[in-house]
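*Asks:* upload_4.cif (mmCIF, C-alpha atoms) pasted underneath:
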data_data
loop_
_atom_site.group_PDB
_atom_site.id
_atom_site.type_symbol
_atom_site.label_atom_id
_atom_site.label_comp_id
_atom_site.auth_asym_id
_atom_site.auth_seq_id
_atom_site.Cartn_x
_atom_site.Cartn_y
_atom_site.Cartn_z
ATOM 1 C CA GLN A 1 114.988 147.547 125.220
ATOM 2 C CA VAL A 2 112.158 145.342 126.437
ATOM 3 C CA GLN A 3 112.036 141.664 125.511
ATOM 4 C CA VAL A 4 108.553 140.333 124.860
ATOM 5 C CA VAL A 5 107.708 136.647 124.470
ATOM 6 C CA GLU A 6 104.279 135.171 123.777
ATOM 7 C CA SER A 7 103.126 131.597 124.275
ATOM 8 C CA GLY A 8 99.945 129.545 124.317
ATOM 9 C CA GLY A 9 98.709 129.594 120.742
ATOM 10 C CA GLY A 10 97.502 126.541 118.877
ATOM 11 C CA LEU A 11 94.666 124.846 117.051
ATOM 12 C CA VAL A 12 91.254 124.784 118.690
ATOM 13 C CA GLN A 13 87.750 123.907 117.568
ATOM 14 C CA PRO A 14 85.031 126.555 117.324
ATOM 15 C CA GLY A 15 83.569 127.210 120.742
ATOM 16 C CA GLY A 16 86.783 126.205 122.459
ATOM 17 C CA SER A 17 89.152 128.153 124.674
ATOM 18 C CA LEU A 18 92.801 129.141 124.731
ATOM 19 C CA ARG A 19 94.910 131.166 127.111
ATOM 20 C CA LEU A 20 97.747 133.258 125.747
ATOM 21 C CA SER A 21 100.594 134.350 127.969
ATOM 22 C CA CYS A 22 103.123 137.119 127.501
ATOM 23 C CA ALA A 23 106.297 137.680 129.460
ATOM 24 C CA ALA A 24 108.033 141.054 129.365
ATOM 25 C CA SER A 25 111.480 141.871 130.704
ATOM 26 C CA GLY A 26 112.371 144.814 132.887
ATOM 27 C CA SER A 27 112.072 145.927 136.464
ATOM 28 C CA ILE A 28 109.389 148.549 135.814
ATOM 29 C CA PHE A 29 106.705 146.247 134.440
ATOM 30 C CA SER A 30 104.082 148.069 136.477
ATOM 31 C CA LEU A 31 104.656 151.128 134.275
ATOM 32 C CA TYR A 32 103.966 149.243 131.050
ATOM 33 C CA VAL A 33 100.669 149.483 129.236
ATOM 34 C CA MET A 34 100.182 145.964 127.887
ATOM 35 C CA GLY A 35 98.169 144.971 124.857
ATOM 36 C CA TRP A 36 97.247 142.071 122.630
ATOM 37 C CA TYR A 37 96.925 142.627 118.897
ATOM 38 C CA ARG A 38 96.160 140.222 116.090
ATOM 39 C CA GLN A 39 96.725 140.052 112.389
ATOM 40 C CA ALA A 40 94.835 137.754 110.064
ATOM 41 C CA PRO A 41 96.083 136.969 106.544
ATOM 42 C CA GLY A 42 95.470 139.905 104.227
ATOM 43 C CA LYS A 43 94.289 142.151 107.046
ATOM 44 C CA GLN A 44 95.800 144.921 109.102
ATOM 45 C CA ARG A 45 96.970 144.346 112.636
ATOM 46 C CA GLU A 46 94.210 145.270 115.078
ATOM 47 C CA LEU A 47 93.957 145.829 118.795
ATOM 48 C CA VAL A 48 92.225 142.997 120.629
ATOM 49 C CA ALA A 49 92.589 144.158 124.218
ATOM 50 C CA ASP A 50 94.817 146.256 126.402
ATOM 51 C CA ILE A 51 95.278 146.865 130.085
ATOM 52 C CA GLY A 52 96.613 149.981 131.712
ATOM 53 C CA ARG A 53 99.089 150.480 134.520
ATOM 54 C CA GLY A 54 96.245 150.562 137.021
ATOM 55 C CA GLY A 55 94.799 147.319 135.690
ATOM 56 C CA THR A 56 91.842 148.759 133.786
ATOM 57 C CA PRO A 57 91.071 146.430 130.858
ATOM 58 C CA ASN A 58 89.754 147.416 127.471
ATOM 59 C CA CYS A 59 88.523 145.002 124.811
ATOM 60 C CA ALA A 60 87.560 145.415 121.177
ATOM 61 C CA ASP A 61 83.845 145.109 120.482
ATOM 62 C CA SER A 62 84.439 141.971 118.433
ATOM 63 C CA VAL A 63 85.738 140.068 121.470
ATOM 64 C CA LYS A 64 83.811 141.627 124.359
ATOM 65 C CA GLY A 65 82.205 139.019 126.544
ATOM 66 C CA ARG A 66 84.488 136.305 125.137
ATOM 67 C CA PHE A 67 88.059 137.472 125.805
ATOM 68 C CA THR A 68 89.546 138.690 129.069
ATOM 69 C CA ILE A 69 92.900 140.431 129.520
ATOM 70 C CA SER A 70 94.692 140.392 132.852
ATOM 71 C CA ARG A 71 98.127 141.159 134.223
ATOM 72 C CA ASP A 72 100.335 139.977 137.058
ATOM 73 C CA ASN A 73 102.855 142.682 137.883
ATOM 74 C CA ALA A 74 104.699 140.444 140.333
ATOM 75 C CA LYS A 75 105.468 137.979 137.524
ATOM 76 C CA ASN A 76 105.868 140.468 134.642
ATOM 77 C CA MET A 77 103.094 138.646 132.815
ATOM 78 C CA VAL A 78 99.972 139.521 130.876
ATOM 79 C CA TYR A 79 97.345 137.006 129.807
ATOM 80 C CA LEU A 80 94.556 136.776 127.275
ATOM 81 C CA GLN A 81 91.844 134.265 128.124
ATOM 82 C CA MET A 82 89.900 133.495 124.963
ATOM 83 C CA ASN A 83 86.580 131.681 125.238
ATOM 84 C CA SER A 84 83.880 130.827 122.700
ATOM 85 C CA LEU A 85 86.417 131.057 119.918
ATOM 86 C CA LYS A 86 85.218 131.572 116.366
ATOM 87 C CA PRO A 87 86.901 130.857 113.028
ATOM 88 C CA GLU A 88 87.215 134.607 112.506
ATOM 89 C CA ASP A 89 89.479 134.775 115.559
ATOM 90 C CA THR A 90 92.127 132.933 113.560
ATOM 91 C CA ALA A 91 95.223 135.132 113.385
ATOM 92 C CA VAL A 92 98.728 135.660 114.655
ATOM 93 C CA TYR A 93 98.432 137.222 118.089
ATOM 94 C CA TYR A 94 101.078 139.708 119.207
ATOM 95 C CA CYS A 95 101.840 141.034 122.651
ATOM 96 C CA ASN A 96 102.747 144.708 122.862
ATOM 97 C CA VAL A 97 104.474 146.716 125.553
ATOM 98 C CA ASP A 98 103.972 150.470 125.586
ATOM 99 C CA LEU A 99 106.465 152.150 127.875
ATOM 100 C CA LEU A 100 105.813 155.864 127.907
ATOM 101 C CA GLY A 101 105.242 155.885 124.160
ATOM 102 C CA SER A 102 107.967 153.420 123.151
ATOM 103 C CA LYS A 103 106.462 150.212 121.771
ATOM 104 C CA PHE A 104 107.964 146.748 121.875
ATOM 105 C CA TRP A 105 106.561 143.656 120.170
ATOM 106 C CA GLY A 106 106.829 139.922 120.598
ATOM 107 C CA GLN A 107 107.306 137.507 117.730
ATOM 108 C CA GLY A 108 103.660 136.454 117.699
ATOM 109 C CA THR A 109 101.813 133.211 118.328
ATOM 110 C CA GLN A 110 99.441 131.537 115.879
ATOM 111 C CA VAL A 111 95.849 130.888 116.895
ATOM 112 C CA THR A 112 93.807 128.767 114.521
ATOM 113 C CA VAL A 113 90.108 128.105 115.111
ATOM 114 C CA SER A 114 88.888 125.323 112.886
ATOM 115 C CA SER A 115 86.940 122.092 112.984
#
What is this file in structure tokens?
*Replies:*
Amino acid sequence: QVQVVESGGGLVQPGGSLRLSCAASGSIFSLYVMGWYRQAPGKQRELVADIGRGGTPNCADSVKGRFTISRDNAKNMVYLQMNSLKPEDTAVYYCNVDLLGSKFWGQGTQVTVSS
């Protein structure tokens, strides 16, 4: 079992920035594929960005150029830097750990973009 805890959500104005953090338990963090997903009201959960064991990032087209995913294996952490936020980025953001096909989720953190 992997424990996953997100932090860093909040209310921000359009054009602003937020940084989400995710801590995952376990001594083999370097083997985890880490991802950020989001779910807006009435919509399905969607992949925002993920980062592989080797550190290669991948972002959804809707956030490319605005969001950056990174990981720190020494700290068992993954981050999502979100810039130029838009109202349509409003959602609950979830951190996901994929360990050789087994998926573990955090409880989610709310991001609200509004003036």
*Asks:* Please provide as number ranges by chain all residues within 10 Å of Ala60 in chain A, with the sequence filter that same-chain residues fewer than 2 positions apart are discarded (counting only C-alpha atoms).
*Replies:* A: 46-50, 58, 62-65, 67
*Asks:* Evaluate the PyMOL selection byres ((chain A and resi 32-41) around 6) and record the selected residues as number ranges by chain, following the chain and residue labels used in the document.
*Replies:* A: 29-31, 42-53, 91-99
*Asks:* Just say which residues the PyMOL selection byres ((chain A and resi 21-26) around 6) picks in this file, as an MDAnalysis selection string.
*Replies:* chainID A and resid 2:7 20 27:28 76:79
*Asks:* With 5 Å added on each side, what axis-aligned box encloses every listed atom of range 13-23 of chain A? Give the centre and edge lengths in Å to one decimal, as AutoDock Vina command-line options.
*Replies:*
--center_x 94.9 --center_y 130.8 --center_z 123.4 --size_x 32.7 --size_y 23.8 --size_z 22.1
*Asks:* As an exercise, work out the distance from CA of Val12 in chain A to CA of Asn73 in chain A in Å and give it to one decimal place.
*Replies:*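 Taking CA of Val12 in chain A and CA of Asn73 in chain A, their separation equals 28.7 Å.
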*Asks:* Would you work out the distance separating CA of Cys59 in chain A from CA of Met82 in chain A, expressed in Å to one decimal?
*Replies:*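 Spanning CA of Cys59 in chain A to CA of Met82 in chain A is a straight-line distance of 11.6 Å.
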*Asks:* Just to confirm, what's the straight-line distance from CA of Glu88 in chain A to CA of Val111 in chain A in Å (one decimal)?
*Replies:*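 Computing the Euclidean distance for CA of Glu88 in chain A and CA of Val111 in chain A yields 10.4 Å.
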*Asks:* Mind telling me what the PyMOL selection byres ((chain A and resi 10) around 9) catches here, as an NGL selection string?
*Replies:* :A and (8-9 or 11-12 or 18 or 109-113)
